[in-house]
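**Student:** Questions regarding the structure given below will be posed in turn.
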Amino acid sequence: MATSLDSSSMEDVTLCSICFEKFKSPRFLPCTHSFCHGCLSSYIVNVCKSTEPRLGFNCPLCREYTPCPGAFDKSDEWAELFPVNEVLETIIKKPDGELCDACLRENESENAIGFCLSCTEYLCKMCTKYHKRQLLSRDHTICQLNEMKSENIFPESGNIHGCPEHKKETIKFFCNEHQQSCCSVCIGTKHRKCESVDTVEDAAKNIKENGQLDVLLGDVKNLEKKLTKAKSEQEKNVAEIENSVDEIIEKTEREFKELVDHLEILKNKHLDEVAGALKKGRRKLSDCANVLTDGKQCTNYCCRNIERVKETENDAEMVTTYYRVKERLLQLKRFKFTKINITISEMTSQVLKEVRNMESFGDIEYIESDRHITYDVHDIALSLVSEFNIAGGNPNVWTGNFLSNGNFVVADHSSSGCCFIYNKDWKSTEVIDGLSYPFQAIQAGEELLVTCHLAKSIEVFSASDLHKLRSININETVYGITKHNGACYVACGSKIIKIDMSGKNLREYKVEGNNNVNISGTNDGHLVYSNWFLNTVTAITDQGDTIWQYKHLKMKQPRGLDVDSVGNIFVAAEQSNNIHVLSGAGTLLRIIEDIPQPVFIKLMQDRSMCCVCSNRKIMKVYKL
């Protein structure tokens with residue numbers, strides 16, 4: 001379609017707004033503005049030189065953000081990936097004073113008054129009239145020639161759900177093996193050997209029923225939140241190093257007044273070093289903040305696309321957009337976002353007292369550190385840093401949890417059971433004894449809750465000094481416990497019980513089998529529990545509706561569960577000697593093999609470390 005440009009636009013629609021010459025192989029951006037292929041490529045490369053790598057760029061004309069269409073580190077190839085403006089190419093190739101193309105095919109000559117953006121043809125008054133009456137062309141946009149100089153011309157969307165490889169074919173299928181939308185021609189050629197192919201209607205139904213759009217949206221928003229926070233910290237760091245430099249300068253000036261004239265040169269040298277450190281630090285932080293801004297804009301772009309298709313009734317558009325955003329999110333997660341921390345301080349020279357022998361006014365210490373903001377679970381590698389036997393004569397440990405102060409608590413599930421608390425150096429420092437078959441301990445605010453299997457109760461202790469506060473009688477055999485959505489959920493074998501912090505029963509959920517003992521909450525507000533006898537992991541809503549259930553030939557006796565900060569679910573499979581990592585939607589992301597008899601895995605909040613208990617008595621601490 002055609003849209004009006006602002007007052008600063010070119011008078012001639014065939015002129016590129018960058019080089020001011022006739023378009024050469026014009027490419028148009030998502031914002032619909034067109035530029036020569038060479039001009040656009042040069043612009044992108046120059047923009048990306050300022051901050052490497054970039055995740056996108058702003059339109060040279062309207063400044064709207066455009067995510068990169070290709071690999072992050074190949075900005076010189078991006079321009080080639082934007083579509084050709086065939087309408088402009090057609091207008092440029094044909095001379096002024098065009099005749100009607102439809103009439104010319106009938107060997108007639110009539111002056112054109114309009115141009116069809118869909119057919120890329122000039123039309124006379126009569127052909128324009130009948131073009132609008134035809135059923136197949138009545139929706140085409142026709143621009144009047146006397147108005148085209150003041151308009152931004154770009155191809156009509158046409159078949160926006162067309163196959164990427166066969167432009168005139170409509171998307172009708174989705175290949176699950178290749179994660180691609182395709183047409184009937186593709187199915188008969190590239191995907192004829194694929195076993196898992198759905199119609200776009202079925203694919204869209206699966207996306208809707210599984211809530212995948214909401215999961216994806218939540219994942220994008222979670223990344224956007226992290227990027228926003230990281231950018232804010234970078235901006236704060238700029239102010240911090242400026243304050244540090246201000247203090248150094250003030251101290252320098254104060255001390256300089258006490259020195260003799262021949263220190264003038266050293267003073268200037270020192271201040272130059274300070275200024276250089278500040279300049280370098282600000283440049284580094286600014287570059288890093290620009291990358292984070294790119295990421296934030298890219299996630300925002302994804303969010304807008306998802307929000308747009310959530311309301312659409314067009315399944316093909318939903319499927320195409322969903323998997324396009326999903327692929328872009330995967331790119332973003334693989335991209336190594338970093339957050340730099342810079343401090344500038346001064347190491348005062350000890351030779352200041354020996355004025356005549358001074359060679360410098362002070363040493364400027366420039367410290368720069370960074371850490372990844374996002375991580376890809378596929379890249380996780382476990383590096384063993386510590387291994388020890390859990391305290392007690394013959395412990396029988398099934399669960400463990402990190403506490404808010406960084407300590408770690410495990411429960412010895414035996415008749416004379418107790419809870420052992422380890423400090424950050426993995427030394428056993430405190431014990432809660434006198435418990436009857438304790439199964440799991442979790443922290444809830446300022447309280448420590450311990451489920452006691454045989455006593456059918458939850459024993460509540462102060463998290464600060466471990467003195468007992470009260471008992472909550474459940475009257476059911478209790479196992480795992482998690483605090484979620486402002487309530488506590490207790491796994492009781494054949495059911496899950498929801499209680500408030502006073503012990504009041506709020507709801508009961510019937511579950512399959514009698515061996516559901518581990519439970520956790522997911523980032524999207526659901527509950528997930530494992531059944532070690534049925535070899536299943538199941539997710540349910542707070543109303544008890546099953547969202548998904550996961551089974552795998554390589555998952556035997558699933559035990560402890562943990563959910564990381566981005567929503568991935570870690571399942572310790574005791575008898576298959578591995579850990580399964582699932583997405584929030586219950587799909588397998590990877591299997592971490594060669595973990596002997598794991599009964600639980602727990603990750604630190606910042607994902608820098610995790611704990612795995614093997615054989616119910618050996619604690620292994622890994623660095624991620």
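Just remember, in the structure tokens the first chain shown is A, the second B, etc., residues are 1-based per chain, and ligands are 1-based in the order shown.
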Mind checking which residues fall within 12 Å of stretch 308-319 of chain A, counting only C-alpha atoms, ignoring those fewer than 3 positions away in the same chain, and posting them as number ranges by chain?
**Tutor:** A: 159-163, 170-176, 179-183, 198-208, 211-214, 216-217, 301-305, 322-326
**Student:** Would you write out those residues with N, CA and C atoms, as a compact mmCIF listing (two decimals), in the first residue's frame?
**Tutor:**
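Dumped everything to result_1.txt:
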# COMPACT_ATOMS: atom_id res chain seq x y z
N ASN A 159 0.12 -11.73 -0.73
CA ASN A 159 -0.07 -12.98 0.01
C ASN A 159 0.91 -13.00 1.18
N ILE A 160 0.54 -12.37 2.27
CA ILE A 160 1.46 -12.24 3.40
C ILE A 160 1.72 -13.59 4.07
N HIS A 161 0.88 -14.57 3.73
CA HIS A 161 1.09 -15.89 4.28
C HIS A 161 1.64 -16.82 3.21
N GLY A 162 2.31 -16.25 2.23
CA GLY A 162 2.89 -17.03 1.16
C GLY A 162 4.12 -17.79 1.60
N CYS A 163 4.41 -18.85 0.90
CA CYS A 163 5.59 -19.67 1.19
C CYS A 163 6.86 -18.88 0.88
N THR A 170 0.39 -20.58 -0.97
CA THR A 170 -0.01 -20.24 0.39
C THR A 170 0.48 -21.29 1.38
N ILE A 171 0.89 -20.83 2.54
CA ILE A 171 1.31 -21.75 3.59
C ILE A 171 0.11 -22.56 4.07
N LYS A 172 0.26 -23.88 4.05
CA LYS A 172 -0.84 -24.75 4.47
C LYS A 172 -0.41 -25.79 5.49
N PHE A 173 0.92 -25.99 5.63
CA PHE A 173 1.40 -27.04 6.51
C PHE A 173 2.53 -26.52 7.40
N PHE A 174 2.82 -27.33 8.43
CA PHE A 174 3.96 -27.01 9.30
C PHE A 174 4.72 -28.30 9.58
N CYS A 175 6.02 -28.31 9.26
CA CYS A 175 6.87 -29.48 9.48
C CYS A 175 7.48 -29.38 10.87
N ASN A 176 7.12 -30.31 11.74
CA ASN A 176 7.64 -30.30 13.11
C ASN A 176 9.10 -30.69 13.17
N GLN A 179 10.76 -27.54 11.89
CA GLN A 179 10.24 -26.31 12.48
C GLN A 179 10.04 -25.23 11.42
N GLN A 180 9.38 -25.61 10.31
CA GLN A 180 9.19 -24.69 9.19
C GLN A 180 7.75 -24.72 8.71
N SER A 181 7.24 -23.53 8.35
CA SER A 181 5.97 -23.44 7.66
C SER A 181 6.22 -23.71 6.18
N CYS A 182 5.30 -24.37 5.52
CA CYS A 182 5.55 -24.71 4.12
C CYS A 182 4.23 -24.85 3.35
N CYS A 183 4.37 -24.87 2.03
CA CYS A 183 3.21 -24.98 1.15
C CYS A 183 3.09 -26.41 0.63
N ASP A 198 2.03 -31.24 10.23
CA ASP A 198 0.66 -30.87 10.59
C ASP A 198 0.15 -29.81 9.64
N THR A 199 -1.17 -29.70 9.55
CA THR A 199 -1.73 -28.55 8.86
C THR A 199 -1.52 -27.33 9.74
N VAL A 200 -1.55 -26.13 9.14
CA VAL A 200 -1.35 -24.93 9.95
C VAL A 200 -2.49 -24.78 10.96
N GLU A 201 -3.67 -25.30 10.61
CA GLU A 201 -4.78 -25.24 11.55
C GLU A 201 -4.48 -26.07 12.79
N ASP A 202 -3.93 -27.29 12.59
CA ASP A 202 -3.59 -28.14 13.73
C ASP A 202 -2.42 -27.55 14.52
N ALA A 203 -1.43 -27.00 13.78
CA ALA A 203 -0.29 -26.39 14.46
C ALA A 203 -0.73 -25.21 15.31
N ALA A 204 -1.63 -24.39 14.76
CA ALA A 204 -2.14 -23.25 15.52
C ALA A 204 -2.96 -23.71 16.72
N LYS A 205 -3.72 -24.79 16.53
CA LYS A 205 -4.52 -25.32 17.64
C LYS A 205 -3.63 -25.80 18.77
N ASN A 206 -2.52 -26.47 18.41
CA ASN A 206 -1.58 -26.94 19.43
C ASN A 206 -0.95 -25.77 20.18
N ILE A 207 -0.61 -24.71 19.45
CA ILE A 207 -0.02 -23.52 20.08
C ILE A 207 -1.01 -22.91 21.07
N LYS A 208 -2.27 -22.82 20.64
CA LYS A 208 -3.30 -22.23 21.51
C LYS A 208 -3.56 -23.10 22.73
N GLY A 211 -0.88 -23.16 25.32
CA GLY A 211 -0.50 -21.86 25.87
C GLY A 211 0.91 -21.43 25.49
N GLN A 212 1.37 -21.88 24.31
CA GLN A 212 2.75 -21.62 23.93
C GLN A 212 3.02 -20.14 23.65
N LEU A 213 2.00 -19.44 23.16
CA LEU A 213 2.19 -18.00 22.93
C LEU A 213 2.46 -17.27 24.24
N ASP A 214 1.68 -17.62 25.27
CA ASP A 214 1.87 -16.97 26.56
C ASP A 214 3.21 -17.34 27.17
N LEU A 216 5.93 -18.19 25.47
CA LEU A 216 6.95 -17.47 24.71
C LEU A 216 6.97 -16.00 25.08
N LEU A 217 5.77 -15.40 25.23
CA LEU A 217 5.69 -14.00 25.61
C LEU A 217 6.33 -13.78 26.97
N TYR A 301 10.30 -5.69 20.23
CA TYR A 301 9.79 -5.95 18.88
C TYR A 301 9.07 -7.31 18.85
N CYS A 302 9.70 -8.32 19.51
CA CYS A 302 9.10 -9.65 19.56
C CYS A 302 7.77 -9.61 20.31
N CYS A 303 7.75 -8.88 21.44
CA CYS A 303 6.52 -8.78 22.24
C CYS A 303 5.38 -8.19 21.41
N ARG A 304 5.70 -7.14 20.67
CA ARG A 304 4.65 -6.50 19.86
C ARG A 304 4.09 -7.47 18.83
N ASN A 305 4.97 -8.25 18.22
CA ASN A 305 4.52 -9.22 17.24
C ASN A 305 3.64 -10.29 17.87
N TYR A 322 4.78 -16.97 15.35
CA TYR A 322 5.24 -17.66 16.57
C TYR A 322 6.64 -18.25 16.38
N TYR A 323 6.82 -18.98 15.27
CA TYR A 323 8.11 -19.63 15.11
C TYR A 323 9.21 -18.65 14.68
N ARG A 324 8.79 -17.55 14.02
CA ARG A 324 9.80 -16.52 13.70
C ARG A 324 10.30 -15.87 14.98
N VAL A 325 9.37 -15.56 15.90
CA VAL A 325 9.78 -14.95 17.17
C VAL A 325 10.54 -15.95 18.02
N LYS A 326 10.09 -17.22 17.97
CA LYS A 326 10.79 -18.25 18.76
C LYS A 326 12.23 -18.40 18.30
**Student:** Based on the backbone DSSP call, show me all residues of stretch 231-387 of chain A assigned strand (DSSP E or B), as a count of residues only.
**Tutor:** 25
**Student:** Need the shell around A:Asn58: protein/DNA/RNA residues with any atom at most 9 Å away, counting only C-alpha atoms. Skip same-chain ones fewer than 4 positions apart. Format as a PyMOL selection string?
**Tutor:** chain A and resi 44+47+62-67
**Student:** Which residues of stretch 512-618 of chain A have any atom within 10 Å of an atom in stretch 219-235 of chain A when counting only C-alpha atoms, and what is the closest pair of atoms for each, with the distance in Å to one decimal? Order the rows by chain and rising number and write it as JSON lines.
**Tutor:**
{"residue": "A:Asn523", "atom": "CA", "partner": "A:Asp219", "partner_atom": "CA", "distance": 9.4}
{"residue": "A:Asp524", "atom": "CA", "partner": "A:Asp219", "partner_atom": "CA", "distance": 9.4}
{"residue": "A:Ser565", "atom": "CA", "partner": "A:Asn222", "partner_atom": "CA", "distance": 9.1}
{"residue": "A:Val566", "atom": "CA", "partner": "A:Asp219", "partner_atom": "CA", "distance": 7.1}
{"residue": "A:Gly567", "atom": "CA", "partner": "A:Asp219", "partner_atom": "CA", "distance": 8.0}
{"residue": "A:Gly584", "atom": "CA", "partner": "A:Asp219", "partner_atom": "CA", "distance": 9.3}
**Student:** Rounded to one decimal, what separation in Å do you get between atom CA of A:Cys613 and atom CA of A:Gly445?
**Tutor:**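 According to the coordinates, atom CA of A:Cys613 and atom CA of A:Gly445 are separated by 25.1 Å.
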**Student:** Tell me, as a list of chain:residue names, which residues lie within 12 Å of A:Ser414, counting only C-alpha atoms; anything in the same chain fewer than 2 positions away does not count.
**Tutor:** A:Gly392, A:Gly393, A:Asn394, A:Pro395, A:Asn396, A:Val397, A:Trp398, A:Ala411, A:Asp412, A:Ser416, A:Gly417, A:Cys418, A:Cys419, A:Asp433, A:Gly434, A:Leu435, A:Ser436, A:Tyr437, A:Pro438, A:Phe439, A:Cys452, A:His453, A:Leu454, A:Arg616
**Student:** Write out as a list in words each polymer residue whose atoms come within 6 Å of stretch 570-583 of chain A, counting only C-alpha atoms; drop sequence neighbours fewer than 3 positions from it.
**Tutor:**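 Counting only C-alpha atoms, the residues come to Met555, Lys556, Gln557, Pro558, Arg559, Gly560, Leu561, Asp562, Gly586, Thr587, Leu588, Leu589, Arg590, Ile591, Ile592, Glu593, Asp594, Ile595, Pro596, Gln597, Pro598, Val599 and Phe600 of chain A.
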**Student:** Got time to write the residues from that selection, N, CA and C atoms, as a PDB file, in the first residue's frame?
**Tutor:**
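Output contents, as saved in selection36.pdb:
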ATOM      1  N   MET A 555      14.495 -41.721  31.176  1.00  0.00           N
ATOM      2  CA  MET A 555      14.183 -41.152  32.491  1.00  0.00           C
ATOM      3  C   MET A 555      13.537 -42.236  33.362  1.00  0.00           C
ATOM      4  N   LYS A 556      14.319 -42.735  34.304  1.00  0.00           N
ATOM      5  CA  LYS A 556      13.832 -43.770  35.208  1.00  0.00           C
ATOM      6  C   LYS A 556      13.916 -43.271  36.646  1.00  0.00           C
ATOM      7  N   GLN A 557      12.808 -43.388  37.350  1.00  0.00           N
ATOM      8  CA  GLN A 557      12.655 -42.934  38.731  1.00  0.00           C
ATOM      9  C   GLN A 557      13.006 -41.446  38.875  1.00  0.00           C
ATOM     10  N   PRO A 558      12.215 -40.565  38.261  1.00  0.00           N
ATOM     11  CA  PRO A 558      12.445 -39.123  38.439  1.00  0.00           C
ATOM     12  C   PRO A 558      12.187 -38.723  39.887  1.00  0.00           C
ATOM     13  N   ARG A 559      13.095 -37.964  40.451  1.00  0.00           N
ATOM     14  CA  ARG A 559      13.002 -37.585  41.865  1.00  0.00           C
ATOM     15  C   ARG A 559      12.905 -36.067  42.005  1.00  0.00           C
ATOM     16  N   GLY A 560      13.970 -35.472  42.533  1.00  0.00           N
ATOM     17  CA  GLY A 560      13.939 -34.053  42.851  1.00  0.00           C
ATOM     18  C   GLY A 560      13.796 -33.155  41.645  1.00  0.00           C
ATOM     19  N   LEU A 561      13.103 -32.022  41.843  1.00  0.00           N
ATOM     20  CA  LEU A 561      12.857 -31.044  40.782  1.00  0.00           C
ATOM     21  C   LEU A 561      13.409 -29.684  41.198  1.00  0.00           C
ATOM     22  N   ASP A 562      13.841 -28.916  40.214  1.00  0.00           N
ATOM     23  CA  ASP A 562      14.202 -27.524  40.470  1.00  0.00           C
ATOM     24  C   ASP A 562      13.916 -26.725  39.210  1.00  0.00           C
ATOM     25  N   GLY A 586       7.245 -28.212  28.946  1.00  0.00           N
ATOM     26  CA  GLY A 586       7.369 -29.654  29.096  1.00  0.00           C
ATOM     27  C   GLY A 586       8.105 -30.366  27.985  1.00  0.00           C
ATOM     28  N   THR A 587       8.787 -29.619  27.111  1.00  0.00           N
ATOM     29  CA  THR A 587       9.559 -30.260  26.043  1.00  0.00           C
ATOM     30  C   THR A 587      11.002 -30.457  26.497  1.00  0.00           C
ATOM     31  N   LEU A 588      11.612 -31.537  26.041  1.00  0.00           N
ATOM     32  CA  LEU A 588      12.990 -31.855  26.432  1.00  0.00           C
ATOM     33  C   LEU A 588      13.969 -30.897  25.764  1.00  0.00           C
ATOM     34  N   LEU A 589      14.806 -30.271  26.564  1.00  0.00           N
ATOM     35  CA  LEU A 589      15.841 -29.381  26.037  1.00  0.00           C
ATOM     36  C   LEU A 589      17.181 -30.105  25.936  1.00  0.00           C
ATOM     37  N   ARG A 590      17.511 -30.891  26.948  1.00  0.00           N
ATOM     38  CA  ARG A 590      18.740 -31.678  26.901  1.00  0.00           C
ATOM     39  C   ARG A 590      18.742 -32.678  28.051  1.00  0.00           C
ATOM     40  N   ILE A 591      19.633 -33.661  27.957  1.00  0.00           N
ATOM     41  CA  ILE A 591      19.847 -34.634  29.026  1.00  0.00           C
ATOM     42  C   ILE A 591      21.313 -34.541  29.451  1.00  0.00           C
ATOM     43  N   ILE A 592      21.537 -34.291  30.733  1.00  0.00           N
ATOM     44  CA  ILE A 592      22.898 -34.258  31.268  1.00  0.00           C
ATOM     45  C   ILE A 592      23.206 -35.658  31.768  1.00  0.00           C
ATOM     46  N   GLU A 593      24.103 -36.350  31.076  1.00  0.00           N
ATOM     47  CA  GLU A 593      24.382 -37.754  31.361  1.00  0.00           C
ATOM     48  C   GLU A 593      25.470 -37.914  32.429  1.00  0.00           C
ATOM     49  N   ASP A 594      25.652 -39.182  32.836  1.00  0.00           N
ATOM     50  CA  ASP A 594      26.741 -39.597  33.728  1.00  0.00           C
ATOM     51  C   ASP A 594      26.698 -38.885  35.084  1.00  0.00           C
ATOM     52  N   ILE A 595      25.509 -38.763  35.648  1.00  0.00           N
ATOM     53  CA  ILE A 595      25.338 -38.263  37.014  1.00  0.00           C
ATOM     54  C   ILE A 595      24.883 -39.454  37.848  1.00  0.00           C
ATOM     55  N   PRO A 596      25.762 -40.069  38.638  1.00  0.00           N
ATOM     56  CA  PRO A 596      25.404 -41.319  39.326  1.00  0.00           C
ATOM     57  C   PRO A 596      24.300 -41.157  40.358  1.00  0.00           C
ATOM     58  N   GLN A 597      23.207 -41.862  40.146  1.00  0.00           N
ATOM     59  CA  GLN A 597      22.078 -41.962  41.074  1.00  0.00           C
ATOM     60  C   GLN A 597      21.685 -40.626  41.712  1.00  0.00           C
ATOM     61  N   PRO A 598      21.337 -39.622  40.901  1.00  0.00           N
ATOM     62  CA  PRO A 598      20.959 -38.324  41.475  1.00  0.00           C
ATOM     63  C   PRO A 598      19.555 -38.381  42.085  1.00  0.00           C
ATOM     64  N   VAL A 599      19.408 -37.892  43.318  1.00  0.00           N
ATOM     65  CA  VAL A 599      18.078 -37.835  43.929  1.00  0.00           C
ATOM     66  C   VAL A 599      17.547 -36.407  43.956  1.00  0.00           C
ATOM     67  N   PHE A 600      18.416 -35.421  43.835  1.00  0.00           N
ATOM     68  CA  PHE A 600      17.945 -34.044  43.656  1.00  0.00           C
ATOM     69  C   PHE A 600      19.061 -33.204  43.043  1.00  0.00           C
TER      70      PHE A 600
END
